[in-house]
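S.K.: Here you go, entry.pdb (PDB, C-alpha atoms):
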```
ATOM      1  CA  MET A   1     140.869   7.726 -44.113
ATOM      2  CA  PRO A   2     139.899   8.851 -40.581
ATOM      3  CA  ASP A   3     136.980   7.145 -38.854
ATOM      4  CA  PHE A   4     134.626   7.907 -35.969
ATOM      5  CA  ASN A   5     137.100   6.608 -33.392
ATOM      6  CA  ASP A   6     139.687   9.080 -34.700
ATOM      7  CA  VAL A   7     137.210  11.905 -34.165
ATOM      8  CA  ARG A   8     136.414  10.817 -30.621
ATOM      9  CA  THR A   9     140.118  10.509 -29.814
ATOM     10  CA  ALA A  10     140.732  13.938 -31.303
ATOM     11  CA  ARG A  11     138.040  15.486 -29.134
ATOM     12  CA  ASN A  12     139.626  14.156 -25.955
ATOM     13  CA  ARG A  13     143.032  15.306 -27.182
ATOM     14  CA  ILE A  14     142.071  18.913 -27.945
ATOM     15  CA  ALA A  15     139.575  19.452 -25.109
ATOM     16  CA  PRO A  16     142.071  21.359 -22.911
ATOM     17  CA  PHE A  17     142.838  23.817 -25.708
ATOM     18  CA  ILE A  18     139.436  24.883 -27.079
ATOM     19  CA  GLN A  19     136.203  26.433 -25.869
ATOM     20  CA  LYS A  20     132.711  24.945 -25.759
ATOM     21  CA  THR A  21     130.709  27.155 -28.082
ATOM     22  CA  PRO A  22     126.960  27.749 -27.632
ATOM     23  CA  ILE A  23     123.859  26.670 -29.534
ATOM     24  CA  MET A  24     121.725  29.547 -30.762
ATOM     25  CA  GLU A  25     118.189  29.785 -32.131
ATOM     26  CA  SER A  26     115.842  32.422 -33.537
ATOM     27  CA  ASN A  27     112.121  32.096 -32.870
ATOM     28  CA  LEU A  28     111.411  34.520 -35.696
ATOM     29  CA  LEU A  29     113.392  32.454 -38.181
ATOM     30  CA  ASN A  30     111.680  29.270 -37.003
ATOM     31  CA  GLN A  31     108.298  30.892 -37.574
ATOM     32  CA  CYS A  32     109.277  32.173 -41.005
ATOM     33  CA  LEU A  33     110.527  28.788 -42.188
ATOM     34  CA  GLY A  34     108.072  26.576 -40.316
ATOM     35  CA  ASN A  35     110.830  24.391 -38.908
ATOM     36  CA  ARG A  36     113.335  24.444 -36.060
ATOM     37  CA  ILE A  37     116.785  25.756 -37.003
ATOM     38  CA  LEU A  38     119.604  25.361 -34.481
ATOM     39  CA  PHE A  39     122.978  27.048 -34.888
ATOM     40  CA  LYS A  40     126.287  25.861 -33.463
ATOM     41  CA  ALA A  41     128.044  29.199 -32.921
ATOM     42  CA  GLU A  42     131.618  28.160 -33.619
ATOM     43  CA  CYS A  43     132.190  31.765 -34.653
ATOM     44  CA  MET A  44     132.736  32.254 -30.902
ATOM     45  CA  GLN A  45     135.566  29.713 -30.814
ATOM     46  CA  LEU A  46     139.152  30.689 -30.021
ATOM     47  CA  THR A  47     140.614  32.449 -33.094
ATOM     48  CA  GLY A  48     137.049  32.984 -34.314
ATOM     49  CA  SER A  49     136.528  29.743 -36.236
ATOM     50  CA  PHE A  50     136.421  25.948 -36.163
ATOM     51  CA  LYS A  51     139.875  25.725 -37.743
ATOM     52  CA  VAL A  52     141.614  25.685 -34.377
ATOM     53  CA  ARG A  53     140.250  22.177 -33.820
ATOM     54  CA  GLY A  54     142.131  20.568 -36.694
ATOM     55  CA  ALA A  55     145.337  22.525 -36.245
ATOM     56  CA  THR A  56     145.502  21.761 -32.534
ATOM     57  CA  ASN A  57     144.756  18.086 -33.140
ATOM     58  CA  VAL A  58     147.713  17.723 -35.509
ATOM     59  CA  LEU A  59     150.244  19.250 -33.128
ATOM     60  CA  ALA A  60     148.812  17.731 -29.948
ATOM     61  CA  LYS A  61     149.013  14.287 -31.528
ATOM     62  CA  LEU A  62     152.636  14.849 -32.543
ATOM     63  CA  SER A  63     153.386  16.091 -29.027
ATOM     64  CA  GLU A  64     151.956  12.847 -27.593
ATOM     65  CA  GLN A  65     154.259  10.927 -29.914
ATOM     66  CA  GLY A  66     157.296  13.051 -29.048
ATOM     67  CA  ALA A  67     157.542  14.006 -32.716
ATOM     68  CA  LEU A  68     156.998  17.761 -32.828
ATOM     69  CA  PRO A  69     158.791  19.507 -35.717
ATOM     70  CA  GLU A  70     161.216  22.416 -35.452
ATOM     71  CA  ARG A  71     158.839  24.762 -37.255
ATOM     72  CA  VAL A  72     155.446  24.824 -38.960
ATOM     73  CA  VAL A  73     154.342  26.244 -42.309
ATOM     74  CA  ALA A  74     150.830  26.495 -43.749
ATOM     75  CA  ASN A  75     148.854  27.948 -46.641
ATOM     76  CA  SER A  76     145.574  29.651 -45.820
ATOM     77  CA  SER A  77     142.984  32.274 -46.760
ATOM     78  CA  GLY A  78     142.865  33.370 -43.134
ATOM     79  CA  ASN A  79     141.115  31.192 -40.549
ATOM     80  CA  HIS A  80     143.508  28.267 -40.887
ATOM     81  CA  ALA A  81     146.367  30.761 -40.614
ATOM     82  CA  GLN A  82     145.108  31.989 -37.247
ATOM     83  CA  ALA A  83     144.557  28.436 -36.072
ATOM     84  CA  ILE A  84     148.088  27.376 -37.012
ATOM     85  CA  ALA A  85     149.546  30.465 -35.363
ATOM     86  CA  TYR A  86     147.575  29.788 -32.175
ATOM     87  CA  ALA A  87     148.336  26.051 -32.068
ATOM     88  CA  SER A  88     152.020  26.608 -32.831
ATOM     89  CA  ARG A  89     152.263  29.042 -29.948
ATOM     90  CA  LEU A  90     150.716  26.437 -27.635
ATOM     91  CA  PHE A  91     153.598  24.098 -28.438
ATOM     92  CA  ASN A  92     156.298  26.794 -28.649
ATOM     93  CA  LEU A  93     156.905  26.378 -32.377
ATOM     94  CA  PRO A  94     157.665  29.135 -34.907
ATOM     95  CA  ALA A  95     155.102  29.320 -37.697
ATOM     96  CA  LYS A  96     155.087  30.873 -41.177
ATOM     97  CA  ILE A  97     151.890  31.357 -43.188
ATOM     98  CA  PHE A  98     151.617  31.684 -46.966
ATOM     99  CA  SER A  99     148.492  33.458 -48.165
ATOM    100  CA  THR A 100     147.130  35.777 -50.851
ATOM    101  CA  GLN A 101     147.130  39.556 -51.007
ATOM    102  CA  SER A 102     143.332  39.432 -50.878
ATOM    103  CA  VAL A 103     143.341  37.837 -47.425
ATOM    104  CA  SER A 104     141.070  39.497 -44.882
ATOM    105  CA  ALA A 105     142.958  42.239 -43.056
ATOM    106  CA  VAL A 106     141.381  41.133 -39.784
ATOM    107  CA  LYS A 107     142.546  37.548 -40.278
ATOM    108  CA  ALA A 108     146.061  38.616 -41.288
ATOM    109  CA  ALA A 109     146.392  40.898 -38.256
ATOM    110  CA  ALA A 110     145.197  38.182 -35.897
ATOM    111  CA  THR A 111     147.658  35.709 -37.411
ATOM    112  CA  ARG A 112     150.515  38.082 -36.677
ATOM    113  CA  TYR A 113     149.126  38.698 -33.170
ATOM    114  CA  TYR A 114     149.381  34.981 -32.384
ATOM    115  CA  GLY A 115     153.054  35.136 -33.352
ATOM    116  CA  ALA A 116     153.247  33.777 -36.889
ATOM    117  CA  ASP A 117     155.037  35.336 -39.842
ATOM    118  CA  ILE A 118     152.755  35.813 -42.847
ATOM    119  CA  GLN A 119     153.816  36.168 -46.487
ATOM    120  CA  LEU A 120     151.352  37.318 -49.145
ATOM    121  CA  TYR A 121     151.219  36.398 -52.842
ATOM    122  CA  PRO A 122     149.103  37.609 -55.791
ATOM    123  CA  SER A 123     147.209  34.312 -56.142
ATOM    124  CA  ARG A 124     146.305  31.186 -54.186
ATOM    125  CA  VAL A 125     148.301  29.044 -56.616
ATOM    126  CA  GLU A 126     151.468  31.094 -55.984
ATOM    127  CA  ALA A 127     150.965  30.867 -52.234
ATOM    128  CA  ASP A 128     150.483  27.109 -52.483
ATOM    129  CA  ASP A 129     153.665  26.749 -54.547
ATOM    130  CA  ALA A 130     155.612  28.827 -52.028
ATOM    131  CA  VAL A 131     154.504  26.783 -49.027
ATOM    132  CA  ALA A 132     155.378  23.559 -50.867
ATOM    133  CA  GLU A 133     158.915  24.860 -51.388
ATOM    134  CA  ALA A 134     159.244  26.000 -47.762
ATOM    135  CA  ALA A 135     158.095  22.578 -46.565
ATOM    136  CA  ASN A 136     161.227  21.016 -48.062
ATOM    137  CA  GLU A 137     163.412  22.627 -45.404
ATOM    138  CA  PRO A 138     164.570  20.022 -42.846
ATOM    139  CA  GLY A 139     162.620  20.026 -39.587
ATOM    140  CA  THR A 140     159.621  21.725 -41.193
ATOM    141  CA  LEU A 141     156.042  20.455 -40.976
ATOM    142  CA  TRP A 142     153.499  21.623 -43.547
ATOM    143  CA  ILE A 143     150.002  21.519 -42.075
ATOM    144  CA  PRO A 144     147.486  21.841 -44.923
ATOM    145  CA  PRO A 145     144.130  23.559 -44.316
ATOM    146  CA  PHE A 146     141.985  20.496 -45.043
ATOM    147  CA  ASN A 147     143.719  17.658 -46.880
ATOM    148  CA  HIS A 148     145.077  15.711 -43.905
ATOM    149  CA  PRO A 149     143.488  12.889 -41.868
ATOM    150  CA  ASP A 150     144.209  14.539 -38.512
ATOM    151  CA  ILE A 151     142.782  17.846 -39.738
ATOM    152  CA  ILE A 152     139.598  16.074 -40.847
ATOM    153  CA  ALA A 153     139.320  14.253 -37.503
ATOM    154  CA  GLY A 154     139.879  17.477 -35.594
ATOM    155  CA  GLN A 155     137.209  19.330 -37.557
ATOM    156  CA  GLY A 156     134.821  16.444 -36.982
ATOM    157  CA  THR A 157     134.873  17.201 -33.258
ATOM    158  CA  LEU A 158     132.630  20.203 -33.939
ATOM    159  CA  MET A 159     129.687  17.980 -34.845
ATOM    160  CA  LEU A 160     130.500  15.638 -31.993
ATOM    161  CA  ASP A 161     130.287  18.527 -29.520
ATOM    162  CA  ALA A 162     127.134  19.914 -31.128
ATOM    163  CA  SER A 163     125.345  16.566 -31.002
ATOM    164  CA  GLU A 164     125.705  16.442 -27.227
ATOM    165  CA  GLN A 165     124.073  19.861 -27.010
ATOM    166  CA  VAL A 166     121.154  19.386 -29.408
ATOM    167  CA  GLY A 167     120.544  15.638 -29.631
ATOM    168  CA  GLU A 168     119.588  13.968 -32.897
ATOM    169  CA  VAL A 169     118.606  16.241 -35.779
ATOM    170  CA  ASP A 170     117.025  15.532 -39.157
ATOM    171  CA  ALA A 171     119.847  17.204 -41.075
ATOM    172  CA  VAL A 172     123.125  19.028 -40.515
ATOM    173  CA  PHE A 173     124.452  21.701 -42.859
ATOM    174  CA  ALA A 174     128.033  22.872 -43.321
ATOM    175  CA  PRO A 175     129.983  24.899 -45.878
ATOM    176  CA  CYS A 176     132.593  23.375 -48.154
ATOM    177  CA  GLY A 177     135.912  24.906 -49.120
ATOM    178  CA  GLY A 178     138.488  22.149 -49.320
ATOM    179  CA  GLY A 179     136.120  19.811 -47.525
ATOM    180  CA  GLY A 180     137.893  19.262 -44.190
ATOM    181  CA  LEU A 181     135.004  20.379 -42.002
ATOM    182  CA  LEU A 182     132.319  18.815 -44.172
ATOM    183  CA  SER A 183     134.219  15.509 -44.291
ATOM    184  CA  GLY A 184     134.710  15.494 -40.538
ATOM    185  CA  THR A 185     131.065  16.400 -40.032
ATOM    186  CA  LEU A 186     129.946  13.483 -42.180
ATOM    187  CA  ILE A 187     132.175  11.039 -40.319
ATOM    188  CA  SER A 188     130.840  12.227 -36.957
ATOM    189  CA  THR A 189     127.225  12.269 -38.090
ATOM    190  CA  ARG A 190     127.388   8.767 -39.556
ATOM    191  CA  GLY A 191     128.935   7.549 -36.304
ATOM    192  CA  LEU A 192     126.138   9.107 -34.274
ATOM    193  CA  SER A 193     123.022   8.477 -36.367
ATOM    194  CA  ASN A 194     121.836   6.564 -39.403
ATOM    195  CA  LYS A 195     118.935   8.986 -39.861
ATOM    196  CA  THR A 196     120.574  12.413 -39.984
ATOM    197  CA  LYS A 197     121.227  13.822 -43.458
ATOM    198  CA  VAL A 198     124.496  15.653 -44.139
ATOM    199  CA  ILE A 199     124.253  18.477 -46.662
ATOM    200  CA  GLY A 200     127.016  20.737 -47.935
ATOM    201  CA  ALA A 201     127.036  24.138 -49.601
ATOM    202  CA  GLU A 202     129.548  26.132 -51.593
ATOM    203  CA  PRO A 203     129.495  29.330 -53.675
ATOM    204  CA  LEU A 204     128.331  28.902 -57.254
ATOM    205  CA  ALA A 205     131.238  31.201 -58.158
ATOM    206  CA  ALA A 206     133.714  28.721 -56.619
ATOM    207  CA  ASN A 207     132.004  25.426 -57.307
ATOM    208  CA  ASP A 208     134.935  23.064 -57.725
ATOM    209  CA  ALA A 209     133.498  20.604 -55.195
ATOM    210  CA  ALA A 210     130.132  20.490 -56.966
ATOM    211  CA  GLU A 211     131.822  19.928 -60.310
ATOM    212  CA  SER A 212     133.997  17.220 -58.783
ATOM    213  CA  LEU A 213     130.987  15.438 -57.327
ATOM    214  CA  ARG A 214     129.161  15.611 -60.642
ATOM    215  CA  LYS A 215     132.108  14.224 -62.605
ATOM    216  CA  GLY A 216     133.267  11.676 -60.049
ATOM    217  CA  GLU A 217     136.809  13.029 -59.948
ATOM    218  CA  ILE A 218     138.590  16.039 -58.461
ATOM    219  CA  VAL A 219     138.150  19.112 -60.637
ATOM    220  CA  ALA A 220     140.190  22.247 -59.898
ATOM    221  CA  LEU A 221     139.169  25.824 -60.612
ATOM    222  CA  SER A 222     141.022  27.351 -63.552
ATOM    223  CA  GLU A 223     141.489  30.709 -61.796
ATOM    224  CA  SER A 224     141.034  32.351 -58.402
ATOM    225  CA  PRO A 225     137.291  32.777 -57.797
ATOM    226  CA  ILE A 226     135.645  36.036 -56.790
ATOM    227  CA  THR A 227     133.156  35.345 -54.014
ATOM    228  CA  LEU A 228     131.953  36.832 -50.738
ATOM    229  CA  ALA A 229     132.571  33.422 -49.190
ATOM    230  CA  ASP A 230     136.364  33.740 -49.150
ATOM    231  CA  GLY A 231     136.711  30.758 -46.820
ATOM    232  CA  ALA A 232     135.319  28.547 -49.590
ATOM    233  CA  ALA A 233     137.501  29.955 -52.380
ATOM    234  CA  THR A 234     139.818  26.948 -52.499
ATOM    235  CA  PRO A 235     141.051  25.779 -55.925
ATOM    236  CA  SER A 236     139.983  22.173 -55.309
ATOM    237  CA  VAL A 237     139.067  19.604 -52.708
ATOM    238  CA  GLY A 238     141.729  17.094 -51.638
ATOM    239  CA  GLU A 239     142.349  13.419 -52.216
ATOM    240  CA  HIS A 240     141.604  12.789 -48.528
ATOM    241  CA  THR A 241     138.374  14.788 -48.418
ATOM    242  CA  PHE A 242     136.869  13.929 -51.803
ATOM    243  CA  PRO A 243     136.007  10.237 -51.149
ATOM    244  CA  ILE A 244     134.195  11.303 -47.983
ATOM    245  CA  LEU A 245     132.358  14.146 -49.720
ATOM    246  CA  GLN A 246     131.059  11.622 -52.238
ATOM    247  CA  GLN A 247     128.986  10.128 -49.404
ATOM    248  CA  LEU A 248     127.019  13.349 -48.786
ATOM    249  CA  ASP A 249     123.242  13.254 -48.999
ATOM    250  CA  GLN A 250     123.074  16.512 -50.950
ATOM    251  CA  PHE A 251     125.277  19.366 -52.114
ATOM    252  CA  ILE A 252     124.007  22.827 -53.028
ATOM    253  CA  GLU A 253     125.600  25.727 -54.913
ATOM    254  CA  VAL A 254     124.712  29.220 -53.696
ATOM    255  CA  GLU A 255     124.595  32.471 -55.660
ATOM    256  CA  GLU A 256     126.382  35.563 -54.335
ATOM    257  CA  GLN A 257     123.164  37.492 -53.696
ATOM    258  CA  LYS A 258     121.914  34.708 -51.429
ATOM    259  CA  ILE A 259     125.243  34.681 -49.582
ATOM    260  CA  ALA A 260     124.880  38.400 -48.825
ATOM    261  CA  TYR A 261     121.196  37.926 -47.942
ATOM    262  CA  TRP A 262     121.815  35.265 -45.325
ATOM    263  CA  THR A 263     124.888  36.965 -43.883
ATOM    264  CA  GLN A 264     122.759  40.040 -43.205
ATOM    265  CA  TRP A 265     119.863  38.065 -41.800
ATOM    266  CA  LEU A 266     121.891  35.821 -39.511
ATOM    267  CA  GLN A 267     123.786  38.791 -38.108
ATOM    268  CA  HIS A 268     120.444  40.522 -37.543
ATOM    269  CA  LEU A 269     118.608  37.546 -36.023
ATOM    270  CA  LEU A 270     121.392  36.027 -33.906
ATOM    271  CA  LYS A 271     123.220  39.266 -33.017
ATOM    272  CA  VAL A 272     126.616  37.741 -33.774
ATOM    273  CA  HIS A 273     129.205  38.198 -36.506
ATOM    274  CA  VAL A 274     129.057  35.330 -38.961
ATOM    275  CA  GLU A 275     131.209  34.992 -42.044
ATOM    276  CA  PRO A 276     129.578  34.731 -45.474
ATOM    277  CA  THR A 277     131.147  31.292 -45.892
ATOM    278  CA  CYS A 278     128.958  29.785 -43.185
ATOM    279  CA  ALA A 279     125.953  32.062 -43.675
ATOM    280  CA  MET A 280     125.525  30.703 -47.198
ATOM    281  CA  THR A 281     124.568  27.305 -45.771
ATOM    282  CA  MET A 282     121.202  28.796 -44.846
ATOM    283  CA  GLN A 283     120.301  28.821 -48.528
ATOM    284  CA  ALA A 284     120.957  25.085 -48.558
ATOM    285  CA  VAL A 285     118.685  24.789 -45.518
ATOM    286  CA  VAL A 286     115.887  26.615 -47.320
ATOM    287  CA  GLU A 287     116.235  24.558 -50.496
ATOM    288  CA  TRP A 288     116.243  21.288 -48.540
ATOM    289  CA  LEU A 289     113.341  22.240 -46.255
ATOM    290  CA  SER A 290     111.225  23.245 -49.237
ATOM    291  CA  THR A 291     111.224  19.568 -50.303
ATOM    292  CA  GLN A 292     110.458  18.156 -46.831
ATOM    293  CA  PRO A 293     107.383  17.903 -44.604
ATOM    294  CA  GLY A 294     107.209  20.470 -41.802
ATOM    295  CA  ASN A 295     108.559  20.256 -38.260
ATOM    296  CA  GLN A 296     112.104  19.348 -39.247
ATOM    297  CA  LYS A 297     114.877  19.929 -36.714
ATOM    298  CA  VAL A 298     118.114  20.939 -38.409
ATOM    299  CA  LEU A 299     121.558  22.058 -37.328
ATOM    300  CA  VAL A 300     123.659  24.702 -39.064
ATOM    301  CA  LEU A 301     127.370  24.939 -38.296
ATOM    302  CA  LEU A 302     128.344  28.618 -38.043
ATOM    303  CA  THR A 303     131.987  28.040 -38.711
ATOM    304  CA  GLY A 304     133.561  31.486 -38.423
ATOM    305  CA  GLY A 305     133.113  35.114 -37.450
ATOM    306  CA  ASN A 306     136.171  36.933 -38.763
ATOM    307  CA  ILE A 307     135.058  39.727 -41.109
ATOM    308  CA  ASP A 308     136.936  42.919 -41.957
ATOM    309  CA  ASN A 309     135.480  46.281 -42.914
ATOM    310  CA  LYS A 310     136.006  45.777 -46.656
ATOM    311  CA  LYS A 311     134.017  42.550 -46.636
ATOM    312  CA  MET A 312     131.301  44.091 -44.482
ATOM    313  CA  LEU A 313     130.873  46.930 -46.966
ATOM    314  CA  GLN A 314     130.438  44.397 -49.771
ATOM    315  CA  ILE A 315     127.905  42.409 -47.771
ATOM    316  CA  TRP A 316     125.838  45.485 -46.915
ATOM    317  CA  GLU A 317     126.053  47.141 -50.315
ATOM    318  CA  HIS A 318     122.331  46.377 -50.705
ATOM    319  CA  ASP A 319     119.790  46.068 -47.906
ATOM    320  CA  HIS A 320     118.347  42.540 -47.911
ATOM    321  CA  LEU A 321     116.493  42.892 -44.606
ATOM    322  CA  THR A 322     113.422  44.260 -46.359
ATOM    323  CA  LYS A 323     112.596  40.741 -47.576
ATOM    324  CA  MET A 324     111.661  38.305 -44.816
ATOM    325  CA  PRO A 325     113.047  34.746 -44.928
ATOM    326  CA  SER A 326     110.687  32.136 -46.336
ATOM    327  CA  LEU A 327     110.628  28.794 -48.108
ATOM    328  CA  ALA A 328     108.970  30.310 -51.181
TER     329      ALA A 328
END
```
Please lay out the structure from this file as structure tokens.

M.R.:
Amino acid sequence: MPDFNDVRTARNRIAPFIQKTPIMESNLLNQCLGNRILFKAECMQLTGSFKVRGATNVLAKLSEQGALPERVVANSSGNHAQAIAYASRLFNLPAKIFSTQSVSAVKAAATRYYGADIQLYPSRVEADDAVAEAANEPGTLWIPPFNHPDIIAGQGTLMLDASEQVGEVDAVFAPCGGGGLLSGTLISTRGLSNKTKVIGAEPLAANDAAESLRKGEIVALSESPITLADGAATPSVGEHTFPILQQLDQFIEVEEQKIAYWTQWLQHLLKVHVEPTCAMTMQAVVEWLSTQPGNQKVLVLLTGGNIDNKKMLQIWEHDHLTKMPSLA
């Protein structure tokens, strides 16, 4: 299991390859909610998401050890695919991505732009089976999207960077798909502060992590979920991420209407593209703040900004901007 030292080492390792993303804030939102909400805009990161941190950490570490593979394969719903393609190009490695036919067109196109081959399958399970078979080829490294210690450590650098920009906060919020980012965030936060709460969110329609936490064991979804938050549509969390997720202070499931609501509002208030997967964490913010005294200072990790036209049409099918944000 990675620890805080692994995260700090990872940050030094990947620093030459990533950008420092800004902190954003909306005075209107702060007034509406009666608290201070800070946003780490990782949607402005290279490849448009936090995923480049973990992918780059894996390959940069292998490069330090003189142990780079001949080729890289990965399974992904989109953002991890772009990250692997980008990181593989940094180290002059061919990469092949296995994904689903429902993958965002924007994410698929960007993956190809960075030089990776991408193969699409009808379901996530079929894509996962295909990448497992491809990984058996000699000289091939399979870099999973979340279930790997060096991925978790790399994703944890996001919170480490954010903490230097905003100082100590009362709570930090992050989305959960397979749990790589949320696990890394918890490790970083615990290493920085014994006061800051770490709270995760996932779609109610893809709530394998919530079910796993309730039952005390990993529970997988029986079929591919249908959710706006495609980055959180993983079948299950991993054996590396789950023990860390069990240390969370709170975990909240979010309905699809609330995911659309907060995607619209964050795009409107912050004037940036944010994916539904990270926008949904604002519902967790609201639910947590409604149980707290006022004047809380919280941090929301805006993990990605890659949205295609089809997803945008779904998000804006109904106008949610007529209802102002509130804790009620």

S.K.: Can you work out which one of A:Asp3, A:Glu239, A:Glu70, A:Asp128 has the shortest atom-to-atom distance to Asn147 of chain A, counting only C-alpha atoms?

M.R.: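 Once distances to Asn147 of chain A are computed over only C-alpha atoms, the minimum belongs to A:Glu239.
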
S.K.: Leaving out Ala132 of chain A and any residue of its chain fewer than 2 positions from it, which residues lie within 12 Å of it when counting all atoms listed in the file, given as a VMD selection string?

M.R.: chain A and resid 72 to 75 97 to 98 125 to 130 134 to 137 140 to 144

S.K.: Out of A:Thr196, A:Ala232, A:Thr303, A:Leu269, which residue has the shortest atom-to-atom distance to Val52 of chain A when counting all atoms listed in the file?

M.R.: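 Distance minimum relative to Val52 of chain A lands on A:Thr303.
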
S.K.: With the PyMOL selection byres ((chain A and resi 120) around 7) as the selection, what would be picked from this file? Answer as a ChimeraX atom specification, please.

M.R.: /A:98-101,118-119,121

S.K.: Compare A:Leu204, A:Leu221, A:Ile14, A:Met24 by their minimum atom-to-atom distance to Gly156 of chain A, counting all atoms listed in the file, and give me the closest one.

M.R.: A:Ile14

S.K.: Could you tell me which residues the PyMOL selection byres ((chain A and resi 222) around 10) returns for this structure, as a list in words?

M.R.: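 Applying the PyMOL selection byres ((chain A and resi 222) around 10) to the structure shown produces Asp208, Val219, Ala220, Leu221, Glu223, Ser224, Pro225, Pro235 and Ser236 of chain A.
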
S.K.: Enclose segment 185-194 of chain A, meaning all of its atoms listed in the file, in a box aligned along x, y and z, pad it by 5 Å on each side, and list the centre and edge lengths in Å to one decimal, as lines of an AutoDock Vina configuration file.

M.R.:
```
center_x = 127.0
center_y = 11.5
center_z = -38.2
size_x = 20.3
size_y = 19.8
size_z = 17.9
```
